[in-house]
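Participant: One structure, pasted below without further comment.
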There are 2 protein chains.
Amino acid sequence: MKLLIIGAGGVGTSAAMIISRAGKEGEWAEKIVVSDYNFARAEEVAKLCGGGRFVAEKINAKDKENMKEVIKKHDITFVMNAVEPDFNENIFDTCLEVGVGYLDCAMTLSKRHPEKPYELAYIKLGDYQFDKHEEWEKAGNMAIVGSGVEPGMADVFARYAAKHLFDTIDEVNVRDGDNYEIPGYEGVAFGFSVWTTIEECLNPPVIWEKGKGWFCTESFSEPEIFNFPGGIGDVEVINVEHEEVLLVPRVIDCNRVTFKYGVPREMRQLLKDLEACGMDSATRMIKVGDSEISPRDFLVKVVPNPIELAPKMVGKGCAGTWVTGTKDGKRRSVYLYQVADNQDCIKKYTTNSVVAQTAVGPVIMMELVAKGIWDIKGVHGPESFDPDPFVERLAKYDFPAGIREMDSEYSDALNEKRLLDALGV
Amino acid sequence: MKLLIIGAGGVGTSAAMIISRAGKEGEWAEKIVVSDYNFARAEEVAKLCGGGRFVAEKINAKDKENMKEVIKKHDITFVMNAVEPDFNENIFDTCLEVGVGYLDCAMTLSKRHPEKPYELAYIKLGDYQFDKHEEWEKAGNMAIVGSGVEPGMADVFARYAAKHLFDTIDEVNVRDGDNYEIPGYEGVAFGFSVWTTIEECLNPPVIWEKGKGWFCTESFSEPEIFNFPGGIGDVEVINVEHEEVLLVPRVIDCNRVTFKYGVPREMRQLLKDLEACGMDSATRMIKVGDSEISPRDFLVKVVPNPIELAPKMVGKGCAGTWVTGTKDGKRRSVYLYQVADNQDCIKKYTTNSVVAQTAVGPVIMMELVAKGIWDIKGVHGPESFDPDPFVERLAKYDFPAGIREMDSEYSDALNEKRLLDALGV
């Protein structure tokens, strides 16, 4: 596979570093073009990965012709989109036009319902992409959308549970929590992209239910205490808008799909306060001198940069999928998860744990595509594919997964096993 | 008096309208030049006031030479500074240089202590101005600083209490509360200048104590429930930085001076959240295209404009001074106050009650200066002058004051009297 990574931010950097660190296991990628609007940044990452098959290019993700030139120049066969999701449509369409494979970590953006935004779904995450499924299928090309950790690994876990652990599934609930902190720091700390945090936290959360379909709720609805493994413990999680809710019910037969993550109450209030002031808007343009900027883009320039804060952060983050249903006629409840330590990821990949976790999913999926193991034409989420080869590779890439039986008859400690043990690998 | 009003925003407009509505009683002002950087706005206000002695000019408060030209052209004898306080130094110095009287509603700005901002006072409100007192005195010129409602009317009330109601004073506590609301509105509503609200709420609050002098505390410290007259009732008030604390102890012998006002808990949190994000900064410059702007100036462009919200607001605001001490050997506790109704002020002055209340103090003080009743050379706060002629004029200008004996032996209702009744006028 000749791979073009568009965007040398956190996720793009981590992906390149994971491939580089995998050594022989990463040789399915014969060429990796790391590209960014900031060429110096792309060069830095290519150098960090040891050069050789890692090559830097300047790219403008707003400019289709420019992307086509780079694809042609390097004879690219597959594109990994690692930029902010407002570029998705442009990159996705370019790949279809030139006939190269496509993968992203966040799907095309939603639009809230004009009258009842906290009640009815309207334009949903990924609608733009799934509407073009048949065009991609007809072209014999494939796009994997939502391929990071959440969405991405979490979707694979849902499919894994459906394949191996359940006869019938009731609920698929993606749950994400952490115990990150920056010792001695008192300011506001965004764990990842400020732009995306605002987008997913302040958009009306979406839920799917059999019979009812997709619907929206108030921001931060249905708070719930979820006990996370890896020493993280109890975290209050709340509904936010996330891709898994759009992806899972397309493929997996179940009754309800939700996504909740742990946004501390102080951060929720801060986000609501920014919204009340209008500082969240990504569409309203404010004139400054002869230029224009949206309040959200301006805010990103002002708040402490997550990339600069990341090296000071300690603690672990857990991403996973909690599935309930029946097996052999008995009620079952299982949480499949991956825990990453921030300082550990900084050391290995130079990037924080959230982006490193986000990057490993695409790397594994691209390996499976390169080897012809994952091969279904059209536009698909990760749950469309066989989960086993993905799960097998998690430990190989140094992101081992775990499994926890949630039945009250077992103690938690006894039932925390490596997912690979459960698989018998 | 030939008067130049610099700034045709809320306060400048209200001042011109109050003079205009006073008819014969306002004839002490033979000419009123309403000036603004936005000439169209100045013209609009001059027209609103009936033209004639009300004349419009364009002015640039950053440009001393331009201000001097306007002063010379209209043979100005007195300047009312009604712009944001960051222009104070420039306007104040211009008036000394050309030898015309000066008055402002907010004093020159403070700078927080570089090491212990929430403990020690550093450069205080008005320091720049009081440092030039002797220059003004020697020039035979007068500047009245902090002449609005708070500071301004509240300082006059403190002096009135010292003159008539007490033998010894223990505490002078300025207290401000309201019951403003916009029916059906759910967004964030700033009651007055967003810039100034941030400045006074997020700067470390200052307190004065005999023996200790001026010192600072944490933001929003010492919450207290104060019962306001005029149907407003109980409001939780907290310490913020305000000029009265700097002015009163210079002139009035007492033990403690504080300023508290009612900032709803939600608004306090919102302000702290903006601070945490760095959106409060007025000094850091952020590049946008080829221009630069401070986060606070950008925020002002984004949040709902208080001037547009004001006409929808209902309720009353109370400004006043709570004085404790002894009279005839007995403990006494008195609140002197002025209550204004927002819709009433909109009708009369086209401006909201906060700015109308702010504007009446300067108008009365300028009348007293014009008639030679207030005449002390140098730089002074309102408590330096005889309070009686000011208090007498409040009702004449349609802003009647009240007095409430706070002793528990009396019921509140029985003891609410017009201040003029107490005076026996």
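Going through the structure tokens in order, the chains are called A, B, and so on, while each chain numbers its residues from 1 and the ligands are numbered from 1 in the order shown.
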Using only C-alpha atoms and a cut-off of 9 Å, which residues of chain B sit close to chain A? Please list them as a ChimeraX atom specification.
Facilitator: /B:186-188,266-267,269-274,276-279,286-293,295,298-299,301-304
Participant: Go ahead and save the picked residues with N, CA, C and O atoms, as a compact mmCIF listing (two decimals), in the first residue's frame.
Facilitator:
```txt
# COMPACT_ATOMS: atom_id res chain seq x y z
N GLU B 186 -33.49 33.50 27.13
CA GLU B 186 -32.69 32.49 27.83
C GLU B 186 -31.19 32.66 27.66
O GLU B 186 -30.41 31.95 28.29
N GLY B 187 -30.77 33.58 26.82
CA GLY B 187 -29.33 33.75 26.57
C GLY B 187 -28.64 34.50 27.69
O GLY B 187 -29.23 34.77 28.73
N VAL B 188 -27.39 34.84 27.46
CA VAL B 188 -26.63 35.58 28.45
C VAL B 188 -26.91 37.08 28.25
O VAL B 188 -26.94 37.55 27.12
N GLU B 266 -24.71 32.29 38.33
CA GLU B 266 -24.48 31.76 36.98
C GLU B 266 -23.54 32.71 36.21
O GLU B 266 -22.69 32.28 35.44
N MET B 267 -23.76 34.04 36.40
CA MET B 267 -22.92 35.01 35.70
C MET B 267 -21.50 34.99 36.25
O MET B 267 -20.53 35.11 35.50
N GLN B 269 -19.97 32.36 37.41
CA GLN B 269 -19.33 31.17 36.84
C GLN B 269 -18.94 31.42 35.39
O GLN B 269 -17.86 31.05 34.94
N LEU B 270 -19.86 32.07 34.65
CA LEU B 270 -19.57 32.37 33.24
C LEU B 270 -18.32 33.25 33.12
O LEU B 270 -17.45 33.00 32.29
N LEU B 271 -18.22 34.25 33.98
CA LEU B 271 -17.05 35.13 33.94
C LEU B 271 -15.78 34.36 34.29
O LEU B 271 -14.74 34.54 33.64
N LYS B 272 -15.85 33.47 35.29
CA LYS B 272 -14.67 32.68 35.66
C LYS B 272 -14.30 31.73 34.51
O LYS B 272 -13.12 31.47 34.27
N ASP B 273 -15.32 31.22 33.80
CA ASP B 273 -15.04 30.32 32.68
C ASP B 273 -14.39 31.08 31.52
O ASP B 273 -13.47 30.55 30.88
N LEU B 274 -14.85 32.29 31.26
CA LEU B 274 -14.21 33.10 30.22
C LEU B 274 -12.76 33.39 30.62
O LEU B 274 -11.85 33.33 29.78
N ALA B 276 -10.87 31.49 32.56
CA ALA B 276 -10.11 30.23 32.44
C ALA B 276 -9.66 30.00 31.00
O ALA B 276 -8.59 29.47 30.74
N CYS B 277 -10.50 30.41 30.05
CA CYS B 277 -10.17 30.26 28.63
C CYS B 277 -9.26 31.38 28.12
O CYS B 277 -8.82 31.33 26.98
N GLY B 278 -9.03 32.39 28.93
CA GLY B 278 -8.21 33.53 28.49
C GLY B 278 -8.99 34.56 27.69
O GLY B 278 -8.41 35.49 27.12
N MET B 279 -10.33 34.40 27.62
CA MET B 279 -11.13 35.33 26.80
C MET B 279 -11.34 36.68 27.48
O MET B 279 -11.88 37.59 26.87
N ILE B 286 -4.16 38.88 19.72
CA ILE B 286 -4.29 37.68 18.90
C ILE B 286 -4.32 38.10 17.43
O ILE B 286 -5.10 38.98 17.04
N LYS B 287 -3.51 37.45 16.62
CA LYS B 287 -3.45 37.80 15.19
C LYS B 287 -4.62 37.18 14.44
O LYS B 287 -4.91 35.99 14.60
N VAL B 288 -5.30 37.99 13.65
CA VAL B 288 -6.35 37.50 12.74
C VAL B 288 -6.06 38.15 11.40
O VAL B 288 -6.20 39.37 11.26
N GLY B 289 -5.63 37.35 10.42
CA GLY B 289 -5.22 37.93 9.13
C GLY B 289 -4.09 38.90 9.39
O GLY B 289 -3.13 38.57 10.10
N ASP B 290 -4.21 40.13 8.88
CA ASP B 290 -3.16 41.12 9.10
C ASP B 290 -3.44 41.99 10.31
O ASP B 290 -2.69 42.93 10.59
N SER B 291 -4.54 41.72 11.01
CA SER B 291 -4.90 42.57 12.14
C SER B 291 -4.64 41.85 13.46
O SER B 291 -4.32 40.67 13.49
N GLU B 292 -4.83 42.59 14.54
CA GLU B 292 -4.68 42.04 15.89
C GLU B 292 -5.86 42.50 16.72
O GLU B 292 -6.37 43.60 16.53
N ILE B 293 -6.25 41.68 17.67
CA ILE B 293 -7.35 42.07 18.55
C ILE B 293 -7.17 41.33 19.87
O ILE B 293 -6.66 40.20 19.89
N PRO B 295 -8.58 39.27 23.17
CA PRO B 295 -9.73 38.38 23.36
C PRO B 295 -10.96 39.12 23.90
O PRO B 295 -12.07 38.86 23.47
N PHE B 298 -12.66 41.03 21.20
CA PHE B 298 -13.33 40.09 20.30
C PHE B 298 -14.65 39.62 20.93
O PHE B 298 -15.70 39.60 20.28
N LEU B 299 -14.58 39.27 22.21
CA LEU B 299 -15.78 38.81 22.92
C LEU B 299 -16.91 39.84 22.85
O LEU B 299 -18.07 39.48 22.66
N LYS B 301 -17.59 41.75 20.53
CA LYS B 301 -18.24 41.68 19.21
C LYS B 301 -19.19 40.50 19.12
O LYS B 301 -20.09 40.47 18.27
N VAL B 302 -18.97 39.47 19.96
CA VAL B 302 -19.72 38.21 19.82
C VAL B 302 -20.95 38.15 20.73
O VAL B 302 -22.02 37.73 20.29
N VAL B 303 -20.81 38.56 21.99
CA VAL B 303 -21.94 38.41 22.92
C VAL B 303 -23.07 39.36 22.58
O VAL B 303 -22.84 40.41 21.97
N PRO B 304 -24.30 38.99 22.97
CA PRO B 304 -25.43 39.88 22.69
C PRO B 304 -25.16 41.28 23.25
O PRO B 304 -24.72 41.43 24.38
```
Participant: Could you give me, as a CSV table (one decimal) with C-alpha atoms, in the first residue's frame, the residues within 8 Å of Phe190 (chain A), counting only C-alpha atoms and dropping anything in the same chain fewer than 2 positions from it?
Facilitator:
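The resulting file, out_18.csv, is reproduced below:
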```
chain,number,residue,atom,x,y,z
A,188,VAL,CA,-8.6,24.9,31.7
A,192,PHE,CA,-7.9,16.9,22.7
A,193,SER,CA,-8.9,19.3,19.8
A,194,VAL,CA,-10.8,22.3,21.3
A,197,THR,CA,-14.7,19.0,21.9
A,304,PRO,CA,-4.2,26.7,26.2
A,305,ASN,CA,-3.1,24.4,23.3
A,306,PRO,CA,-3.9,20.8,24.1
```
Participant: Would you return as a PyMOL selection string the members of region 111-227 of chain B that DSSP assigns to helix (DSSP H, G or I) on this structure's backbone?
Facilitator: chain B and resi 127-130+133-138+153-165+194-202
Participant: Could you turn the residues from that selection into a file that holds C-alpha atoms, as a CSV table (one decimal), in the first residue's frame?
Facilitator:
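File produced: out-v6.csv:
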```
chain,number,residue,atom,x,y,z
B,127,ASP,CA,-3.7,56.3,41.2
B,128,TYR,CA,-2.7,58.0,38.0
B,129,GLN,CA,-5.2,60.8,38.6
B,130,PHE,CA,-4.5,61.4,42.3
B,133,HIS,CA,-3.6,66.3,42.2
B,134,GLU,CA,-1.0,69.0,43.0
B,135,GLU,CA,-0.4,69.8,39.3
B,136,TRP,CA,-4.2,70.4,38.9
B,137,GLU,CA,-4.3,72.4,42.1
B,138,LYS,CA,-1.4,74.6,41.1
B,153,MET,CA,-23.9,59.4,44.0
B,154,ALA,CA,-22.8,56.6,46.4
B,155,ASP,CA,-19.9,58.8,47.5
B,156,VAL,CA,-22.1,61.8,48.0
B,157,PHE,CA,-24.4,59.6,50.2
B,158,ALA,CA,-21.4,58.6,52.3
B,159,ARG,CA,-20.5,62.3,52.8
B,160,TYR,CA,-24.2,63.1,53.5
B,161,ALA,CA,-24.3,60.4,56.2
B,162,ALA,CA,-21.1,61.7,57.8
B,163,LYS,CA,-22.4,65.3,57.8
B,164,HIS,CA,-26.0,64.7,59.0
B,165,LEU,CA,-26.6,61.2,60.3
B,194,VAL,CA,-19.3,43.8,28.6
B,195,TRP,CA,-15.8,45.2,28.7
B,196,THR,CA,-16.3,47.0,32.1
B,197,THR,CA,-18.2,44.1,33.6
B,198,ILE,CA,-15.2,41.8,33.0
B,199,GLU,CA,-12.8,44.5,34.2
B,200,GLU,CA,-14.6,45.1,37.5
B,201,CYS,CA,-15.7,41.5,38.2
B,202,LEU,CA,-12.4,39.7,37.4
```
Participant: Please compute the CA of Cys95 (chain B)-CA of Lys2 (chain B) distance, one decimal, in Å.
Facilitator: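 Here the two named atoms are 13.7 Å from each other.
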Participant: Which residues, written as an MDAnalysis selection string, have at least one atom at most 10 Å from Lys327 (chain B), with only C-alpha atoms counted and residues fewer than 4 positions away on the same chain left out?
Facilitator: chainID B and resid 164:169 331:333
Participant: Please list as a ChimeraX atom specification every residue within 10 Å of Ser110 (chain B), counting only C-alpha atoms and excluding residues in the same chain fewer than 3 positions away.
Facilitator: /B:107,113,121-128,199-200,203-204,241
Participant: Those selected residues, please, written with all heavy atoms and delivered as a short mmCIF file (atom, residue, chain, number, x, y, z; two decimals), in the first residue's frame.
Facilitator:
```
data_model
loop_
_atom_site.label_atom_id
_atom_site.label_comp_id
_atom_site.auth_asym_id
_atom_site.auth_seq_id
_atom_site.Cartn_x
_atom_site.Cartn_y
_atom_site.Cartn_z
N MET B 107 -12.67 55.73 37.13
CA MET B 107 -11.31 56.27 37.25
C MET B 107 -10.30 55.46 36.43
O MET B 107 -10.63 54.44 35.85
CB MET B 107 -10.95 56.32 38.73
CG MET B 107 -11.66 57.45 39.46
SD MET B 107 -12.13 57.14 41.19
CE MET B 107 -10.60 56.56 41.89
N HIS B 113 -1.24 43.07 41.45
CA HIS B 113 0.08 42.80 42.01
C HIS B 113 0.70 41.62 41.27
O HIS B 113 0.06 40.59 41.07
CB HIS B 113 -0.05 42.47 43.51
CG HIS B 113 1.26 42.49 44.22
ND1 HIS B 113 2.13 41.42 44.19
CD2 HIS B 113 1.87 43.45 44.96
CE1 HIS B 113 3.21 41.72 44.89
NE2 HIS B 113 3.08 42.95 45.38
N ALA B 121 -2.79 45.07 47.20
CA ALA B 121 -3.11 46.08 46.19
C ALA B 121 -1.81 46.50 45.53
O ALA B 121 -0.74 46.43 46.13
CB ALA B 121 -3.82 47.25 46.83
N TYR B 122 -1.90 46.99 44.28
CA TYR B 122 -0.68 47.37 43.56
C TYR B 122 -0.92 48.76 42.95
O TYR B 122 -0.99 49.73 43.69
CB TYR B 122 -0.36 46.29 42.52
CG TYR B 122 0.98 46.41 41.85
CD1 TYR B 122 2.15 46.40 42.59
CD2 TYR B 122 1.08 46.52 40.46
CE1 TYR B 122 3.39 46.50 41.98
CE2 TYR B 122 2.31 46.61 39.84
CZ TYR B 122 3.46 46.60 40.60
OH TYR B 122 4.68 46.69 39.97
N ILE B 123 -1.12 48.85 41.63
CA ILE B 123 -1.55 50.14 41.08
C ILE B 123 -3.07 50.17 41.19
O ILE B 123 -3.74 49.29 40.68
CB ILE B 123 -1.08 50.31 39.62
CG1 ILE B 123 0.44 50.38 39.61
CG2 ILE B 123 -1.70 51.56 39.00
CD1 ILE B 123 1.04 50.41 38.22
N LYS B 124 -3.58 51.16 41.91
CA LYS B 124 -5.00 51.17 42.25
C LYS B 124 -5.80 52.05 41.28
O LYS B 124 -5.24 52.93 40.61
CB LYS B 124 -5.18 51.66 43.68
CG LYS B 124 -4.39 50.82 44.70
CD LYS B 124 -4.63 51.24 46.13
CE LYS B 124 -4.23 52.68 46.44
NZ LYS B 124 -2.81 52.99 46.22
N LEU B 125 -7.10 51.82 41.26
CA LEU B 125 -8.00 52.67 40.48
C LEU B 125 -7.74 54.13 40.85
O LEU B 125 -7.73 54.48 42.03
CB LEU B 125 -9.46 52.32 40.79
CG LEU B 125 -9.95 50.94 40.36
CD1 LEU B 125 -11.30 50.64 41.00
CD2 LEU B 125 -10.06 50.87 38.83
N GLY B 126 -7.54 54.99 39.85
CA GLY B 126 -7.37 56.42 40.12
C GLY B 126 -5.99 56.85 40.57
O GLY B 126 -5.75 58.06 40.71
N ASP B 127 -5.07 55.92 40.80
CA ASP B 127 -3.72 56.31 41.25
C ASP B 127 -3.11 57.33 40.30
O ASP B 127 -2.53 58.33 40.73
CB ASP B 127 -2.79 55.09 41.33
CG ASP B 127 -2.87 54.39 42.69
OD1 ASP B 127 -3.69 54.83 43.54
OD2 ASP B 127 -2.15 53.39 42.88
N TYR B 128 -3.23 57.06 38.99
CA TYR B 128 -2.67 57.96 37.98
C TYR B 128 -3.22 59.37 38.16
O TYR B 128 -2.49 60.36 38.03
CB TYR B 128 -3.00 57.42 36.59
CG TYR B 128 -2.45 58.23 35.44
CD1 TYR B 128 -1.20 57.94 34.91
CD2 TYR B 128 -3.18 59.29 34.89
CE1 TYR B 128 -0.68 58.67 33.86
CE2 TYR B 128 -2.67 60.04 33.83
CZ TYR B 128 -1.42 59.72 33.31
OH TYR B 128 -0.91 60.46 32.27
N GLU B 199 -13.89 43.76 33.51
CA GLU B 199 -12.83 44.48 34.22
C GLU B 199 -13.11 44.49 35.72
O GLU B 199 -12.28 44.12 36.52
CB GLU B 199 -12.73 45.90 33.67
CG GLU B 199 -11.65 46.77 34.30
CD GLU B 199 -10.23 46.41 33.86
OE1 GLU B 199 -10.08 45.67 32.87
OE2 GLU B 199 -9.28 46.87 34.53
N GLU B 200 -14.34 44.90 36.10
CA GLU B 200 -14.57 45.05 37.54
C GLU B 200 -14.84 43.74 38.23
O GLU B 200 -14.49 43.58 39.40
CB GLU B 200 -15.62 46.13 37.85
CG GLU B 200 -17.01 45.88 37.36
CD GLU B 200 -17.92 47.11 37.58
OE1 GLU B 200 -17.42 48.25 37.57
OE2 GLU B 200 -19.13 46.93 37.74
N ASN B 203 -11.10 41.66 38.06
CA ASN B 203 -9.97 42.21 38.80
C ASN B 203 -10.13 41.83 40.27
O ASN B 203 -11.24 41.74 40.76
CB ASN B 203 -9.95 43.74 38.66
CG ASN B 203 -9.25 44.17 37.38
OD1 ASN B 203 -8.66 43.35 36.68
ND2 ASN B 203 -9.33 45.45 37.08
N PRO B 204 -9.03 41.62 40.98
CA PRO B 204 -9.15 41.28 42.41
C PRO B 204 -9.91 42.39 43.16
O PRO B 204 -9.57 43.56 43.02
CB PRO B 204 -7.69 41.20 42.86
CG PRO B 204 -6.91 40.92 41.61
CD PRO B 204 -7.63 41.63 40.52
N GLU B 241 -14.06 44.86 42.48
CA GLU B 241 -13.23 46.06 42.50
C GLU B 241 -14.06 47.27 42.13
O GLU B 241 -14.71 47.26 41.06
CB GLU B 241 -12.07 45.91 41.49
CG GLU B 241 -11.12 47.09 41.52
CD GLU B 241 -10.16 47.11 40.33
OE1 GLU B 241 -10.62 47.03 39.18
OE2 GLU B 241 -8.95 47.23 40.56
#
```
Participant: Between A:Asp328, A:Asp178, A:Asp234, A:Asp297, single out the one closest to Lys316 (chain A), counting only C-alpha atoms.
Facilitator: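 Nearest candidate to Lys316 (chain A) out of A:Asp328, A:Asp178, A:Asp234, A:Asp297: A:Asp178.
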Participant: What is the CA of Gly140 (chain B) to CA of Val391 (chain B) distance in Å?
Facilitator: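 A separation of 26.4 Å between them.
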Participant: Find the residues around region 24-29 of chain B up to 8 Å (only C-alpha atoms counted), leave out those fewer than 6 positions away in its own chain, and share them as a list in words.
Facilitator: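 So the residues in contact are Met1, Lys2, Leu3, Glu367, Ala370 and Lys371 of chain B.
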Participant: Between B:Asn179, B:Gln338, B:Ser219, B:Asn173, which one has atoms that come closest to Cys254 (chain B), using only C-alpha atoms?
Facilitator: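 Smallest distance to Cys254 (chain B) is found for B:Asn173.
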Participant: Quick one: everything within 9 Å of Ala16 (chain A), counting only C-alpha atoms, minus sequence neighbours fewer than 5 positions away in the same chain. Send it as a list of chain:residue names.
Facilitator: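 Close residues of Ala16 (chain A): A:Ile5, A:Ala8, A:Val11, A:Arg21, A:Ile32, A:Val34, A:Val45, A:Ala46, A:Cys49, A:Phe54, A:Tyr349, A:Ala359, A:Val363.
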Participant: Restrict the selected residues to N, CA, C and O atoms and save them as a PDB file, in the first residue's frame.
Facilitator:
```pdb
ATOM      1  N   ILE A   5      -1.069  10.215   4.248  1.00  0.00           N
ATOM      2  CA  ILE A   5      -1.705  10.708   5.474  1.00  0.00           C
ATOM      3  C   ILE A   5      -1.890  12.209   5.311  1.00  0.00           C
ATOM      4  O   ILE A   5      -0.910  12.947   5.160  1.00  0.00           O
ATOM      5  N   ALA A   8      -0.710  16.325   9.685  1.00  0.00           N
ATOM      6  CA  ALA A   8       0.358  15.847  10.562  1.00  0.00           C
ATOM      7  C   ALA A   8       0.175  16.395  11.974  1.00  0.00           C
ATOM      8  O   ALA A   8       1.125  16.736  12.661  1.00  0.00           O
ATOM      9  N   VAL A  11      -3.176  12.948  15.451  1.00  0.00           N
ATOM     10  CA  VAL A  11      -3.545  11.622  14.942  1.00  0.00           C
ATOM     11  C   VAL A  11      -2.631  11.194  13.794  1.00  0.00           C
ATOM     12  O   VAL A  11      -2.151  10.051  13.759  1.00  0.00           O
ATOM     13  N   ARG A  21       7.223   2.312  14.407  1.00  0.00           N
ATOM     14  CA  ARG A  21       7.650   1.491  15.539  1.00  0.00           C
ATOM     15  C   ARG A  21       7.373  -0.004  15.329  1.00  0.00           C
ATOM     16  O   ARG A  21       7.971  -0.852  15.990  1.00  0.00           O
ATOM     17  N   ILE A  32       4.911   5.922   2.893  1.00  0.00           N
ATOM     18  CA  ILE A  32       3.994   6.710   3.720  1.00  0.00           C
ATOM     19  C   ILE A  32       4.297   8.181   3.479  1.00  0.00           C
ATOM     20  O   ILE A  32       5.337   8.688   3.897  1.00  0.00           O
ATOM     21  N   VAL A  34       3.599  11.718   4.492  1.00  0.00           N
ATOM     22  CA  VAL A  34       3.024  12.521   5.578  1.00  0.00           C
ATOM     23  C   VAL A  34       2.850  13.937   5.045  1.00  0.00           C
ATOM     24  O   VAL A  34       3.828  14.576   4.651  1.00  0.00           O
ATOM     25  N   VAL A  45       7.716  15.272  11.129  1.00  0.00           N
ATOM     26  CA  VAL A  45       7.149  13.954  11.432  1.00  0.00           C
ATOM     27  C   VAL A  45       7.830  12.867  10.592  1.00  0.00           C
ATOM     28  O   VAL A  45       8.181  11.800  11.108  1.00  0.00           O
ATOM     29  N   ALA A  46       8.055  13.143   9.313  1.00  0.00           N
ATOM     30  CA  ALA A  46       8.722  12.157   8.447  1.00  0.00           C
ATOM     31  C   ALA A  46      10.115  11.831   8.991  1.00  0.00           C
ATOM     32  O   ALA A  46      10.536  10.673   9.020  1.00  0.00           O
ATOM     33  N   CYS A  49      10.038   9.663  12.049  1.00  0.00           N
ATOM     34  CA  CYS A  49       9.750   8.267  11.705  1.00  0.00           C
ATOM     35  C   CYS A  49      10.943   7.603  11.000  1.00  0.00           C
ATOM     36  O   CYS A  49      10.831   6.459  10.551  1.00  0.00           O
ATOM     37  N   PHE A  54       9.164   7.080   4.673  1.00  0.00           N
ATOM     38  CA  PHE A  54       8.362   8.200   5.179  1.00  0.00           C
ATOM     39  C   PHE A  54       8.795   9.490   4.484  1.00  0.00           C
ATOM     40  O   PHE A  54       9.936   9.938   4.641  1.00  0.00           O
ATOM     41  N   TYR A 349       5.119   7.632  21.217  1.00  0.00           N
ATOM     42  CA  TYR A 349       4.645   8.208  19.944  1.00  0.00           C
ATOM     43  C   TYR A 349       4.785   9.730  19.873  1.00  0.00           C
ATOM     44  O   TYR A 349       4.399  10.339  18.888  1.00  0.00           O
ATOM     45  N   ALA A 359      -5.223   6.706  16.678  1.00  0.00           N
ATOM     46  CA  ALA A 359      -4.422   6.399  15.493  1.00  0.00           C
ATOM     47  C   ALA A 359      -4.219   4.904  15.273  1.00  0.00           C
ATOM     48  O   ALA A 359      -4.016   4.462  14.137  1.00  0.00           O
ATOM     49  N   VAL A 363      -4.440   2.390  11.605  1.00  0.00           N
ATOM     50  CA  VAL A 363      -3.237   1.668  11.176  1.00  0.00           C
ATOM     51  C   VAL A 363      -3.577   0.181  10.969  1.00  0.00           C
ATOM     52  O   VAL A 363      -3.254  -0.411   9.927  1.00  0.00           O
TER      53      VAL A 363
END
```
